[in-house]
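Working notes for the structure below.
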Amino acid sequence: MASLRDIKSKITSTKKTSQITKAMEMVSAAKWNRGVMSAKAFVPYMEKIQEVTASVAMGSKGIAHPMLQTRQVKKTGYLVITSDRGLAGAYNSNVVRRTFQAIQSRHKSNDEFAIIAIGRVARDFFVKRGMNVILDIVGVSDQPSFADIKDIAANTVGMFADGTFDELFMYYTHYVSAISQEVTEKKLLPLSDISTSKKLASYEFEPSAEEILEVLLPQYAESLIYGALLDSKASEHAARMTAMRNATDNAKELINSYSLSYNRARQAAITQEITEIVGGAAALE
């Protein structure tokens, strides 16, 4: 049995750990609340730009924009969104595992795919395995603005336009609730499915539909990336909040267990001392 000093040391260290995890839970809760608000605030814009894009693209005959056309796939792009650090439960591992499995099942060599990583975890995971990471970004804010990812979003769309890859899949974590987040695969490019459930409005526009879509389609694709990032950030903070809460609860259980062991050991030591005193007194009689 461990000594009283060892058990006391474990109780003290576990209490300090629980204080840290509790503080991290509170910080994540505040970030989660702001993250959810940001993700929800972006939805109306996303719905409107989708509606306008669909109206122009589907309402005009003879449109043949490269971003709308499916072409022969020689190389596939994968945009993966994770966080820069761990301590978020299975948040990061679920995304990278899903992406890795998809790549393994679809491709036989690095020449057949390219990876764009947002987040240090994704970048490090694929680089360590010698996989083809062509673009990455780390240090994204917990409450990202579009300016934070504008360059990587524009570069991603530009690489599809110049033929670096012929299709692009996006992997990120969709926020469902504080205790539920789902890894999502979405085909981002080409924009073969921009239909909307809403009734398409009729717009009068100038100049031509082709010139409008030349500007609108890249903006729409970049908005999809930004929307997925906001969704992922809300999921990350929710996952970290839950993970830290579970860690705090586990620490409390350990403290209770250690306290019980300490009390038992202390009681046994006291009983042993009383026995020795009684035995010594009896020997003197």
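Labeling convention for the structure tokens: chains A, B, ... as they appear, residues from 1 per chain, ligands from 1 in order of appearance.
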Non-local contacts of Thr21 in chain A (8 Å; only C-alpha atoms; under 5 positions in same chain excluded) as a ChimeraX atom specification: /A:244-245,247-248
Mind writing the picked residues with C-alpha atoms as a PDB file, in the first residue's frame?
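Written file, out_38.pdb:
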ATOM      1  CA  MET A 244     -12.431  19.548 -20.098  1.00  0.00           C
ATOM      2  CA  ARG A 245     -15.682  18.968 -18.216  1.00  0.00           C
ATOM      3  CA  ALA A 247     -11.525  15.653 -17.298  1.00  0.00           C
ATOM      4  CA  THR A 248     -12.681  17.699 -14.300  1.00  0.00           C
TER       5      THR A 248
END
Test item: residues at most 10 Å from range 82-86 of chain A, only C-alpha atoms, excluding those fewer than 4 positions along its chain, as a ChimeraX atom specification: /A:90-96,117-124,137-142,171-173,229,232-233,236-237,240
Backbone-only DSSP, helix (DSSP H, G or I) members of range 199-243 of chain A, as a PyMOL selection string: chain A and resi 209-243
Output for the residues just chosen: C-alpha atoms as a PDB file, in the first residue's frame:
ATOM      1  CA  ALA A 209     -24.398  36.582 -66.766  1.00  0.00           C
ATOM      2  CA  GLU A 210     -20.933  35.281 -67.713  1.00  0.00           C
ATOM      3  CA  GLU A 211     -19.215  38.409 -66.385  1.00  0.00           C
ATOM      4  CA  ILE A 212     -21.251  38.350 -63.173  1.00  0.00           C
ATOM      5  CA  LEU A 213     -20.511  34.667 -62.540  1.00  0.00           C
ATOM      6  CA  GLU A 214     -16.810  35.315 -63.175  1.00  0.00           C
ATOM      7  CA  VAL A 215     -16.841  37.368 -59.969  1.00  0.00           C
ATOM      8  CA  LEU A 216     -19.690  35.696 -58.076  1.00  0.00           C
ATOM      9  CA  LEU A 217     -18.678  32.022 -58.317  1.00  0.00           C
ATOM     10  CA  PRO A 218     -15.210  32.444 -56.733  1.00  0.00           C
ATOM     11  CA  GLN A 219     -16.785  34.525 -53.953  1.00  0.00           C
ATOM     12  CA  TYR A 220     -19.393  31.839 -53.395  1.00  0.00           C
ATOM     13  CA  ALA A 221     -16.759  29.077 -53.184  1.00  0.00           C
ATOM     14  CA  GLU A 222     -14.657  31.168 -50.787  1.00  0.00           C
ATOM     15  CA  SER A 223     -17.771  31.770 -48.664  1.00  0.00           C
ATOM     16  CA  LEU A 224     -18.343  28.016 -48.448  1.00  0.00           C
ATOM     17  CA  ILE A 225     -14.821  27.596 -47.064  1.00  0.00           C
ATOM     18  CA  TYR A 226     -15.292  30.410 -44.557  1.00  0.00           C
ATOM     19  CA  GLY A 227     -18.678  29.029 -43.470  1.00  0.00           C
ATOM     20  CA  ALA A 228     -17.134  25.590 -42.905  1.00  0.00           C
ATOM     21  CA  LEU A 229     -14.354  27.187 -40.840  1.00  0.00           C
ATOM     22  CA  LEU A 230     -16.877  28.989 -38.609  1.00  0.00           C
ATOM     23  CA  ASP A 231     -18.792  25.722 -38.234  1.00  0.00           C
ATOM     24  CA  SER A 232     -15.567  23.913 -37.318  1.00  0.00           C
ATOM     25  CA  LYS A 233     -14.572  26.535 -34.759  1.00  0.00           C
ATOM     26  CA  ALA A 234     -17.935  26.260 -32.994  1.00  0.00           C
ATOM     27  CA  SER A 235     -17.504  22.472 -32.974  1.00  0.00           C
ATOM     28  CA  GLU A 236     -13.928  22.740 -31.681  1.00  0.00           C
ATOM     29  CA  HIS A 237     -14.879  24.902 -28.711  1.00  0.00           C
ATOM     30  CA  ALA A 238     -17.863  22.661 -27.898  1.00  0.00           C
ATOM     31  CA  ALA A 239     -15.669  19.552 -28.070  1.00  0.00           C
ATOM     32  CA  ARG A 240     -12.955  21.123 -25.897  1.00  0.00           C
ATOM     33  CA  MET A 241     -15.545  22.323 -23.373  1.00  0.00           C
ATOM     34  CA  THR A 242     -16.978  18.805 -23.113  1.00  0.00           C
ATOM     35  CA  ALA A 243     -13.521  17.211 -22.902  1.00  0.00           C
TER      36      ALA A 243
END
Pairwise distance for CA of Met37 in chain A and CA of Gln143 in chain A, rounded to one decimal in Å: 10.2 Å
Nearest residue to Ile194 in chain A from the set A:Asn256, A:Ser3, A:Ser109, A:Thr53 (distances using only C-alpha atoms):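 Going through A:Asn256, A:Ser3, A:Ser109, A:Thr53 one by one, the smallest distance to Ile194 in chain A is for A:Thr53.
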Option closest in space to Ala265 in chain A, from A:Ala30, A:Leu4, A:Leu79, A:Ile115 [counting only C-alpha atoms]: A:Leu4
